[in-house]
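Encoded as structure tokens, the structure appears first; notes follow it.
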Amino acid sequence: MTDTAGKPVGPGAGASATGDGLIRRRRRWVRNSALGAAVLLVVAAGAGWAVYARLSANITADEAAAAELARFERERPTALVRDAQNILLIGSDTRAGDGNGRYGKDFGTERSDTTILLHLAADRHSATAVSLPRDLMVDIPSCGQKDGRRSDPVFAMFNHAFEVGGSACTIRTVEKLTGIRIDHHMVLDFSGFKEMVDAVDGVEVCLKEPVDDKAAKLKLPAGKVRLDGEQALGFVRARKSLGNGSDTERMERQQRFLGALVNKVRSSDVLLNPVKLYPVLDAATSSLTTDPELATLRGLYQLVRGLRDIPTERVQFLTVPRESYVYDANRDQLVEPEAESLFARLRADQPVAVTQENTQEVPGQDTGPGASDDPSPAPTFRGRTAAEQTCE
């Protein structure tokens, strides 16, 4: 059967639902759909790579510190426990950089405003953060300086190490003081801290009394208060209007705030929500300087992925046992043998217990996760856990 043009019609000629024409159309649709899906995957992968590249590019690799530490590798402590990690967290008081000038003049120098030694247990069942007072009198070794010269060894305040030789000098000073091998380090300035707090929509703290500190640009009511980035920076740096004005009290306030920040991140869906997670990562990396191994998102991820399951009661904050320096009440010195007991336990990755009681060290048997076979009682140090960030 043919039409008027002489072309065949009927089954097999493409006129029915089972004809070759429909088959060809389906094949074209499948090919086009597959191509469209492939394009979408490429675009998605490209966007993901762009985000990854941007966040990684935010981080500054501390190549100078790595070179200085490599130069003195032979004198550095040996890591005693495999998989345990010790990270030195340094808060810089630099006035250089965007937004930092409002906190004072830039004299071309910077000191470590806050320094915390973070110990991660090998089994990742606990984390212990030890604050090191900036006024602690310590032996600072000869360190490389920005101008290429080397400083002379000196007995001085701890934060002088960062001013003289940056993060490498601070790391070497901590290692000589504690005998603990520092595996990684991070340096964060004022802007980075503020952006981190703002990225999680602020952090709630509890104040017994109202605060009015002009120097810290801080005015807050008593009770529960949600601090934004600017307020949080004033809160953790204030000395004159909060507590007794001592650096020890300020460190305890910093510990309480960091505990509250940990609770905020863990209790919200930030870590599981890409939309919320990106600004946090962007803020965290934008003002961050780390050792080269951590200076990528992959490096940071490898570090923090084992922290997700640590319960808040196993995230502990304490200040190294200290007292007024014998020759200057405005300076600090270590309390021995308590300080060495703390350092020895961290070196050996043994449990450290904390209490809010006003005591340096109290005997007590450890039975918690990560407990070692050491039969001796685990010492208890004054401090708190991240779970204890409530109004008192």
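The chains in the structure tokens are called A, B, ... from first to last as shown; in each chain the residues are counted from 1, and the ligands are counted from 1 in the order shown.
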Cut-off 9 Å: closest region 152-271 of chain A/region 60-66 of chain A atom pairs per residue, using only C-alpha atoms, as JSON lines:
```
{"residue": "A:Gly165", "atom": "CA", "partner": "A:Ala65", "partner_atom": "CA", "distance": 8.9}
{"residue": "A:Gly166", "atom": "CA", "partner": "A:Ala65", "partner_atom": "CA", "distance": 7.7}
{"residue": "A:Ser167", "atom": "CA", "partner": "A:Ala65", "partner_atom": "CA", "distance": 6.3}
{"residue": "A:Ala168", "atom": "CA", "partner": "A:Ala65", "partner_atom": "CA", "distance": 4.7}
{"residue": "A:Cys169", "atom": "CA", "partner": "A:Ala65", "partner_atom": "CA", "distance": 8.1}
```
Same residues, N, CA, C and O atoms, saved as a PDB file, in the first residue's frame:
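File written: out35.pdb
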```
ATOM      1  N   GLY A 165      59.803  35.762  66.945  1.00  0.00           N
ATOM      2  CA  GLY A 165      60.024  34.801  65.861  1.00  0.00           C
ATOM      3  C   GLY A 165      58.778  34.125  65.339  1.00  0.00           C
ATOM      4  O   GLY A 165      58.875  33.054  64.717  1.00  0.00           O
ATOM      5  N   GLY A 166      57.602  34.707  65.569  1.00  0.00           N
ATOM      6  CA  GLY A 166      56.381  34.158  65.013  1.00  0.00           C
ATOM      7  C   GLY A 166      55.997  32.800  65.566  1.00  0.00           C
ATOM      8  O   GLY A 166      56.402  32.406  66.664  1.00  0.00           O
ATOM      9  N   SER A 167      55.230  32.045  64.785  1.00  0.00           N
ATOM     10  CA  SER A 167      54.689  30.771  65.254  1.00  0.00           C
ATOM     11  C   SER A 167      55.780  29.734  65.525  1.00  0.00           C
ATOM     12  O   SER A 167      55.685  28.942  66.461  1.00  0.00           O
ATOM     13  N   ALA A 168      56.842  29.714  64.711  1.00  0.00           N
ATOM     14  CA  ALA A 168      57.905  28.734  64.922  1.00  0.00           C
ATOM     15  C   ALA A 168      58.573  28.934  66.273  1.00  0.00           C
ATOM     16  O   ALA A 168      58.860  27.970  66.996  1.00  0.00           O
ATOM     17  N   CYS A 169      58.821  30.181  66.638  1.00  0.00           N
ATOM     18  CA  CYS A 169      59.450  30.472  67.921  1.00  0.00           C
ATOM     19  C   CYS A 169      58.524  30.096  69.067  1.00  0.00           C
ATOM     20  O   CYS A 169      58.954  29.573  70.097  1.00  0.00           O
TER      21      CYS A 169
END
```
Could you list, as a PDB file with N, CA, C and O atoms, in the first residue's frame, every residue within 8 Å of Asp183 (chain A), counting only C-alpha atoms and ignoring same-chain residues fewer than 6 positions away?
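Written output follows (selection.pdb):
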```pdb
ATOM      1  N   GLN A  85      47.401  13.573  68.732  1.00  0.00           N
ATOM      2  CA  GLN A  85      47.747  14.806  68.040  1.00  0.00           C
ATOM      3  C   GLN A  85      47.792  15.972  69.018  1.00  0.00           C
ATOM      4  O   GLN A  85      46.951  16.080  69.920  1.00  0.00           O
ATOM      5  N   ASN A  86      48.792  16.848  68.833  1.00  0.00           N
ATOM      6  CA  ASN A  86      48.909  18.060  69.631  1.00  0.00           C
ATOM      7  C   ASN A  86      48.950  19.254  68.686  1.00  0.00           C
ATOM      8  O   ASN A  86      49.847  19.359  67.847  1.00  0.00           O
ATOM      9  N   ILE A  87      47.950  20.111  68.808  1.00  0.00           N
ATOM     10  CA  ILE A  87      47.818  21.272  67.917  1.00  0.00           C
ATOM     11  C   ILE A  87      47.934  22.538  68.747  1.00  0.00           C
ATOM     12  O   ILE A  87      47.258  22.675  69.779  1.00  0.00           O
TER      13      ILE A  87
END
```
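The interatomic distance for the pair CA of Ala284 (chain A) and CA of Glu204 (chain A) works out to 19.0 Å.
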